[in-house]
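my_file-v3.cif (mmCIF, C-alpha atoms)
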```
data_coords
#
loop_
_atom_site.label_atom_id
_atom_site.label_comp_id
_atom_site.auth_asym_id
_atom_site.auth_seq_id
_atom_site.Cartn_x
_atom_site.Cartn_y
_atom_site.Cartn_z
CA MET A 1 21.78 23.11 -2.48
CA VAL A 2 21.31 22.55 -6.20
CA TYR A 3 18.61 20.24 -7.55
CA THR A 4 20.28 16.82 -7.55
CA ASN A 5 19.53 13.21 -8.44
CA ALA A 6 18.60 12.73 -4.77
CA HIS A 7 15.76 15.23 -5.27
CA ARG A 8 14.70 13.50 -8.49
CA LEU A 9 14.66 10.06 -6.87
CA PHE A 10 12.61 11.32 -3.91
CA LEU A 11 10.07 12.85 -6.29
CA GLN A 12 9.89 9.68 -8.39
CA ILE A 13 9.28 7.55 -5.28
CA LEU A 14 6.59 9.93 -4.05
CA THR A 15 4.93 9.90 -7.49
CA SER A 16 4.89 6.11 -7.70
CA ARG A 17 3.56 5.61 -4.14
CA ARG A 18 0.94 8.41 -4.30
CA TYR A 19 1.86 9.60 -0.79
CA LEU A 20 4.48 9.09 1.93
CA LEU A 21 3.61 8.86 5.62
CA GLY A 22 5.64 10.82 8.15
CA HIS A 23 8.09 8.04 9.04
CA GLU A 24 8.39 7.04 5.35
CA VAL A 25 9.29 10.61 4.39
CA GLN A 26 12.29 10.63 6.72
CA SER A 27 13.56 7.19 5.72
CA THR A 28 13.06 7.87 2.00
CA TYR A 29 14.79 11.24 2.32
CA LYS A 30 17.82 9.69 4.03
CA LYS A 31 18.05 6.79 1.56
CA CYS A 32 17.87 9.12 -1.47
CA CYS A 33 20.55 11.39 -0.03
CA ALA A 34 22.79 8.45 0.89
CA LYS A 35 22.51 6.95 -2.58
CA PHE A 36 23.82 10.13 -4.22
CA HIS A 37 26.14 11.24 -1.39
CA VAL A 38 24.07 14.29 -0.44
CA THR A 39 24.03 15.56 3.15
CA ALA A 40 20.67 14.76 4.76
CA ASP A 41 20.45 17.53 7.36
CA ASN A 42 17.35 19.53 6.40
CA LEU A 43 14.26 17.75 5.10
CA LEU A 44 12.11 20.89 4.85
CA GLU A 45 14.75 22.68 2.80
CA PHE A 46 15.09 19.58 0.60
CA VAL A 47 11.34 19.52 -0.11
CA LYS A 48 11.38 23.28 -0.68
CA GLU A 49 14.04 22.83 -3.38
CA ILE A 50 11.91 20.17 -5.09
CA ASN A 51 8.89 22.49 -4.95
CA GLU A 52 10.89 25.25 -6.62
CA GLU A 53 11.43 22.92 -9.56
CA LEU A 54 7.84 21.66 -9.51
CA GLY A 55 6.51 25.21 -9.59
CA GLN A 56 7.16 25.51 -13.31
CA ILE A 57 4.75 22.64 -13.99
CA ASN A 58 2.20 23.76 -11.41
CA LEU A 59 2.70 20.93 -8.92
CA VAL A 60 3.78 21.04 -5.28
CA ILE A 61 4.57 18.63 -2.44
CA ARG A 62 2.35 19.40 0.53
CA LYS A 63 1.71 18.01 3.98
CA SER A 64 -1.70 16.41 4.35
CA ILE A 65 -3.59 14.06 6.68
CA GLN A 66 -3.98 10.37 5.87
CA GLU A 67 -7.26 9.36 7.48
CA ASP A 68 -7.41 5.98 9.18
CA TYR A 69 -10.02 4.15 11.22
CA GLU A 70 -7.71 4.05 14.23
CA SER A 71 -5.78 7.30 13.87
CA ASP A 72 -4.87 10.09 11.47
CA SER A 73 -1.27 10.62 10.45
CA GLN A 74 0.64 13.26 8.53
CA CYS A 75 1.75 12.47 5.01
CA PHE A 76 3.39 14.17 2.05
CA VAL A 77 1.44 14.24 -1.23
CA LEU A 78 1.97 15.65 -4.72
CA VAL A 79 -0.86 18.01 -5.69
CA ASN A 80 -1.87 20.34 -8.50
CA ILE A 81 -1.87 24.05 -7.75
CA PHE A 82 -3.59 26.94 -9.49
CA ASP A 83 -1.43 28.30 -12.30
CA SER A 84 -1.77 31.91 -13.42
CA ASP A 85 -1.08 33.28 -16.88
CA VAL A 86 2.22 34.67 -15.56
CA THR A 87 3.29 31.22 -14.38
CA ARG A 88 2.48 29.76 -17.77
CA MET A 89 4.50 32.45 -19.56
CA ASN A 90 7.52 31.92 -17.33
CA SER A 91 7.34 28.14 -17.63
CA THR A 92 9.75 26.18 -19.79
CA PHE A 93 6.73 24.14 -20.90
CA THR A 94 3.83 25.25 -23.07
CA SER A 95 0.31 25.12 -21.65
CA GLN A 96 -0.34 22.14 -23.94
CA GLU A 97 2.73 20.30 -22.60
CA LEU A 98 1.70 21.06 -19.01
CA ALA A 99 -1.76 19.65 -19.68
CA LEU A 100 -0.28 16.40 -20.98
CA PHE A 101 2.15 16.12 -18.08
CA ARG A 102 -0.66 16.60 -15.55
CA LYS A 103 -2.69 13.86 -17.25
CA VAL A 104 0.30 11.51 -17.11
CA ILE A 105 0.90 12.24 -13.40
CA GLU A 106 -2.80 11.75 -12.60
CA ALA A 107 -2.79 8.42 -14.44
CA ILE A 108 0.31 7.27 -12.54
CA VAL A 109 -1.19 8.25 -9.18
CA GLN A 110 -4.51 6.54 -9.95
CA SER A 111 -2.93 3.34 -11.28
CA GLU A 112 -2.79 0.25 -9.06
CA ASP A 113 1.00 -0.11 -9.20
CA GLY A 114 2.04 3.52 -9.57
CA SER A 115 3.08 3.21 -13.21
CA ILE A 116 1.69 3.29 -16.75
CA LEU A 117 2.94 2.10 -20.12
CA ILE A 118 4.97 4.58 -22.17
CA THR A 119 2.49 4.15 -25.05
CA GLU A 120 -0.37 5.09 -22.73
CA ALA A 121 1.41 8.30 -21.75
CA ILE A 122 2.08 9.21 -25.38
CA ASN A 123 -1.48 8.48 -26.49
CA MET A 124 -2.91 10.80 -23.84
CA ALA A 125 -2.24 13.52 -26.40
CA PHE A 126 -5.56 12.52 -27.96
CA ASN A 127 -7.42 13.39 -24.73
CA LEU A 128 -6.27 17.00 -24.54
CA LYS A 129 -8.64 19.87 -25.30
CA GLN A 130 -5.93 21.20 -27.58
CA LYS A 131 -4.86 18.17 -29.57
CA MET A 132 -1.15 17.37 -29.72
CA LYS A 133 0.54 15.41 -32.48
CA ILE A 134 1.86 12.00 -31.48
CA GLY A 135 5.38 13.00 -32.51
CA GLU A 136 5.21 16.03 -30.20
CA SER A 137 3.79 13.92 -27.36
CA GLU A 138 6.54 11.32 -27.78
CA ALA A 139 9.21 14.03 -27.78
CA LEU A 140 7.77 15.54 -24.58
CA ILE A 141 7.65 12.20 -22.76
CA ASP A 142 11.28 11.55 -23.79
CA ARG A 143 12.22 14.98 -22.48
CA LEU A 144 10.45 14.39 -19.15
CA VAL A 145 12.27 11.08 -18.78
CA GLN A 146 15.65 12.58 -19.67
CA ASP A 147 15.14 15.51 -17.26
CA GLY A 148 14.20 13.15 -14.43
CA TRP A 149 10.52 14.16 -14.11
CA LEU A 150 9.39 10.66 -15.05
CA LEU A 151 11.00 7.33 -14.29
CA GLN A 152 11.12 4.84 -17.14
CA GLY A 153 11.77 1.24 -16.31
CA TYR A 154 11.01 -2.44 -16.71
CA SER A 155 8.55 -4.61 -14.80
CA CYS A 156 8.72 -8.35 -14.19
CA THR A 157 5.78 -10.34 -15.55
CA GLU A 158 6.21 -13.03 -12.86
CA CYS A 159 6.61 -10.93 -9.70
CA ASP A 160 6.34 -7.32 -8.47
CA VAL A 161 9.93 -6.31 -9.18
CA LYS A 162 10.55 -3.10 -11.13
CA VAL A 163 13.87 -1.69 -12.23
CA HIS A 164 15.01 1.56 -13.83
CA ARG A 165 16.31 1.02 -17.37
CA GLN A 166 19.84 2.25 -16.72
CA CYS A 167 20.03 0.37 -13.40
CA GLY A 168 18.78 -2.80 -15.10
CA SER A 169 21.34 -2.58 -17.87
CA LYS A 170 24.16 -2.00 -15.38
CA PHE A 171 22.99 -4.95 -13.28
CA TRP A 172 22.89 -7.36 -16.23
CA ILE A 173 26.26 -6.19 -17.57
CA ARG A 174 27.87 -6.45 -14.13
CA ASN A 175 26.57 -9.99 -13.74
CA GLY A 176 27.64 -11.00 -17.23
CA SER A 177 24.07 -11.81 -18.31
CA GLN A 178 23.53 -12.85 -21.90
CA SER A 179 19.88 -11.78 -21.78
CA PRO A 180 17.79 -9.72 -19.33
CA SER A 181 16.13 -11.49 -16.42
CA CYS A 182 14.47 -10.54 -13.14
CA PRO A 183 17.06 -9.09 -10.70
CA ASP A 184 15.35 -10.86 -7.79
CA PRO A 185 17.23 -14.18 -7.32
CA LYS A 186 14.06 -15.76 -5.90
CA CYS A 187 12.35 -15.14 -9.25
CA ALA A 188 15.08 -14.84 -11.93
CA ALA A 189 12.45 -15.11 -14.69
CA GLU A 190 13.67 -14.48 -18.23
CA TRP A 191 12.52 -11.12 -19.52
CA SER A 192 11.77 -11.89 -23.15
CA HIS A 193 9.60 -8.75 -23.30
CA VAL A 194 12.67 -6.54 -22.74
CA GLU A 195 15.05 -5.68 -25.57
CA VAL A 196 18.49 -4.67 -24.33
CA ASN A 197 21.81 -4.79 -26.17
CA LEU A 198 24.12 -6.61 -23.76
CA PRO A 199 27.80 -7.26 -24.54
CA ARG A 200 28.48 -10.81 -25.66
CA LYS A 201 31.14 -12.84 -23.89
CA CYS A 202 34.12 -13.70 -26.04
CA SER A 203 35.72 -17.15 -25.77
CA LYS A 204 39.36 -17.77 -26.47
CA THR A 205 39.95 -19.54 -29.74
CA GLN A 206 41.84 -22.75 -29.35
CA ASN A 207 44.39 -23.60 -32.04
#
```
Do you think you could lay out the structure here as structure tokens?
Amino acid sequence: MVYTNAHRLFLQILTSRRYLLGHEVQSTYKKCCAKFHVTADNLLEFVKEINEELGQINLVIRKSIQEDYESDSQCFVLVNIFDSDVTRMNSTFTSQELALFRKVIEAIVQSEDGSILITEAINMAFNLKQKMKIGESEALIDRLVQDGWLLQGYSCTECDVKVHRQCGSKFWIRNGSQSPSCPDPKCAAEWSHVEVNLPRKCSKTQN
């Protein structure tokens, strides 16, 4: 199987949640595959294919144990792995770019809601041992978003709803919205902090 949007979505969900428990792994796997019409018949092979992609940036999905007061349960986590000089040379990213990406992933995992501001990610260039120019950092973050390594979206200021940018735009256009608002009908707060070019409705001119 080729690396698909189902793989990307699974990785993005895992990144935002920090870890997935055993039963969550199966349900998330099936939902991701169903969304993009991919056959969900081999979870281990699916994760292996994601790990093949992650290898170039020195990350891997591994099984671990989530400790609990009552019982311990298996979970899947995203972890850093040791990267050799050969791995760096074969990577499509420079060592400097890899360092920034790792910092961004660590910040996402450590954040309370599994996300960080795009400006925060870009400004992490200042915290690298080998400094990176802001323009280079911005270009890398854009590339990671475009390639599906990072999910860029909008968050509601009134509730916990989050939405991917493209999904949000499609939702508002489909519903004929004149301005962006929370997709949750129970909230429906106006999103004045979001700038999106939505098509304007045309009214028939009466003679």
**Message:** Quick one: residues within 12 Å of Phe126 (chain A), only C-alpha atoms, excluding same-chain residues fewer than 4 positions away - as a list in words?
**Reply:** Gln96, Ala99, Leu100, Lys103, Thr119, Glu120, Ala121, Ile122, Gln130, Lys131, Met132, Lys133, Ile134, Gly135, Glu136 and Ser137 of chain A
**Request:** Using only C-alpha atoms, find the one residue out of A:Met124, A:Cys182, A:Leu43, A:Leu11 that sits nearest to Ser155 (chain A).
**Result:**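 Going through A:Met124, A:Cys182, A:Leu43, A:Leu11 one by one, the smallest distance to Ser155 (chain A) is for A:Cys182.
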**Message:** Please expand the PyMOL selection byres ((chain A and resi 164-181) around 12) into the concrete residues it hits in this file, giving the result as a PyMOL selection string.
**Reply:** chain A and resi 9+12-13+145-146+148+150-159+161-163+182-202
**Fill in**
Using all atoms listed in the file, the best pick from A:His7, A:Phe93, A:Leu98, A:Leu20 as closest to Cys32 (chain A) would be A:His7
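Put simply, CA of Ala6 (chain A) is 8.7 Å away from CA of Lys31 (chain A).
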**Prompt:** Between CA of Asn80 (chain A) and CA of Leu128 (chain A), what is the distance, to one decimal in Å?
**Reply:**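 Here the two named atoms are 17.0 Å from each other.
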**Item:** Computed interatomic separation between CA of Lys129 (chain A) and CA of Arg8 (chain A) (Å)
**Value:**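 So the two atoms, CA of Lys129 (chain A) and CA of Arg8 (chain A), lie 29.5 Å apart.
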**Residues matched by the PyMOL selection byres ((chain A and resi 14-16) around 9), written as a list in words** =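 Applying the PyMOL selection byres ((chain A and resi 14-16) around 9) to the structure shown produces Leu9, Phe10, Leu11, Gln12, Ile13, Arg17, Arg18, Tyr19, Leu20, Val25, Phe76, Val77, Leu78, Ile105, Ile108, Val109, Asp113, Gly114, Ser115 and Leu150 of chain A.
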**Message:** Under the PyMOL selection byres ((chain A and resi 47) around 10), which residues of this model are included? Write them out as a PyMOL selection string.
**Reply:** chain A and resi 7+10-11+29+42-46+48-52+60-62+76
Is it possible to add all heavy atoms to region 15-26 of chain A and hand it back as a tab-separated table (two decimals), in the coordinates of the input?
```tsv
chain	number	residue	atom	x	y	z
A	15	THR	N	5.89	10.01	-6.38
A	15	THR	CA	4.93	9.90	-7.49
A	15	THR	C	4.40	8.48	-7.62
A	15	THR	O	3.21	8.25	-7.81
A	15	THR	CB	5.60	10.32	-8.81
A	15	THR	OG1	6.05	11.67	-8.70
A	15	THR	CG2	4.61	10.23	-9.97
A	16	SER	N	5.30	7.50	-7.52
A	16	SER	CA	4.89	6.11	-7.70
A	16	SER	C	4.05	5.58	-6.54
A	16	SER	O	3.20	4.71	-6.73
A	16	SER	CB	6.12	5.22	-7.91
A	16	SER	OG	6.90	5.17	-6.73
A	17	ARG	N	4.28	6.11	-5.32
A	17	ARG	CA	3.56	5.61	-4.14
A	17	ARG	C	2.31	6.41	-3.80
A	17	ARG	O	1.58	6.08	-2.88
A	17	ARG	CB	4.49	5.60	-2.93
A	17	ARG	CG	5.65	4.63	-3.05
A	17	ARG	CD	6.42	4.57	-1.76
A	17	ARG	NE	7.60	3.72	-1.87
A	17	ARG	CZ	8.47	3.52	-0.89
A	17	ARG	NH1	8.29	4.11	0.27
A	17	ARG	NH2	9.52	2.73	-1.07
A	18	ARG	N	2.10	7.53	-4.50
A	18	ARG	CA	0.94	8.41	-4.30
A	18	ARG	C	1.10	9.33	-3.08
A	18	ARG	O	0.76	10.49	-3.13
A	18	ARG	CB	-0.36	7.62	-4.17
A	18	ARG	CG	-0.67	6.71	-5.35
A	18	ARG	CD	-1.97	5.94	-5.11
A	18	ARG	NE	-2.23	4.98	-6.17
A	18	ARG	CZ	-1.73	3.75	-6.20
A	18	ARG	NH1	-0.92	3.36	-5.23
A	18	ARG	NH2	-2.00	2.93	-7.19
A	19	TYR	N	1.59	8.78	-1.97
A	19	TYR	CA	1.86	9.60	-0.79
A	19	TYR	C	2.89	8.88	0.08
A	19	TYR	O	3.13	7.68	-0.06
A	19	TYR	CB	0.58	9.84	0.02
A	19	TYR	CG	-0.05	8.58	0.57
A	19	TYR	CD1	0.37	8.03	1.78
A	19	TYR	CD2	-1.08	7.95	-0.12
A	19	TYR	CE1	-0.19	6.88	2.28
A	19	TYR	CE2	-1.66	6.79	0.38
A	19	TYR	CZ	-1.21	6.26	1.57
A	19	TYR	OH	-1.77	5.12	2.07
A	20	LEU	N	3.53	9.65	0.98
A	20	LEU	CA	4.48	9.09	1.93
A	20	LEU	C	4.07	9.51	3.33
A	20	LEU	O	3.87	10.69	3.59
A	20	LEU	CB	5.90	9.58	1.64
A	20	LEU	CG	6.59	9.07	0.36
A	20	LEU	CD1	7.90	9.81	0.14
A	20	LEU	CD2	6.84	7.57	0.44
A	21	LEU	N	3.92	8.54	4.24
A	21	LEU	CA	3.61	8.86	5.62
A	21	LEU	C	4.82	9.48	6.30
A	21	LEU	O	5.94	9.39	5.79
A	21	LEU	CB	3.18	7.58	6.36
A	21	LEU	CG	1.88	6.94	5.85
A	21	LEU	CD1	1.63	5.64	6.61
A	21	LEU	CD2	0.70	7.87	5.99
A	22	GLY	N	4.59	10.08	7.46
A	22	GLY	CA	5.64	10.82	8.15
A	22	GLY	C	6.94	10.05	8.31
A	22	GLY	O	8.02	10.54	7.95
A	23	HIS	N	6.87	8.82	8.82
A	23	HIS	CA	8.09	8.04	9.04
A	23	HIS	C	8.72	7.60	7.72
A	23	HIS	O	9.93	7.44	7.61
A	23	HIS	CB	7.79	6.82	9.90
A	23	HIS	CG	6.92	5.79	9.24
A	23	HIS	ND1	5.55	5.92	9.15
A	23	HIS	CD2	7.22	4.63	8.61
A	23	HIS	CE1	5.04	4.88	8.53
A	23	HIS	NE2	6.04	4.08	8.18
A	24	GLU	N	7.87	7.42	6.67
A	24	GLU	CA	8.39	7.04	5.35
A	24	GLU	C	9.13	8.20	4.70
A	24	GLU	O	10.10	7.99	3.96
A	24	GLU	CB	7.24	6.58	4.46
A	24	GLU	CG	6.55	5.32	4.92
A	24	GLU	CD	5.35	4.96	4.06
A	24	GLU	OE1	4.64	5.89	3.61
A	24	GLU	OE2	5.12	3.76	3.84
A	25	VAL	N	8.65	9.41	4.96
A	25	VAL	CA	9.29	10.61	4.39
A	25	VAL	C	10.74	10.68	4.86
A	25	VAL	O	11.66	10.88	4.05
A	25	VAL	CB	8.53	11.89	4.79
A	25	VAL	CG1	9.31	13.12	4.35
A	25	VAL	CG2	7.14	11.91	4.16
A	26	GLN	N	10.94	10.53	6.16
A	26	GLN	CA	12.29	10.63	6.72
A	26	GLN	C	13.21	9.53	6.18
A	26	GLN	O	14.35	9.81	5.78
A	26	GLN	CB	12.22	10.54	8.25
A	26	GLN	CG	11.77	11.81	8.94
A	26	GLN	CD	12.82	12.91	8.89
A	26	GLN	OE1	13.97	12.67	8.55
A	26	GLN	NE2	12.41	14.13	9.22
```
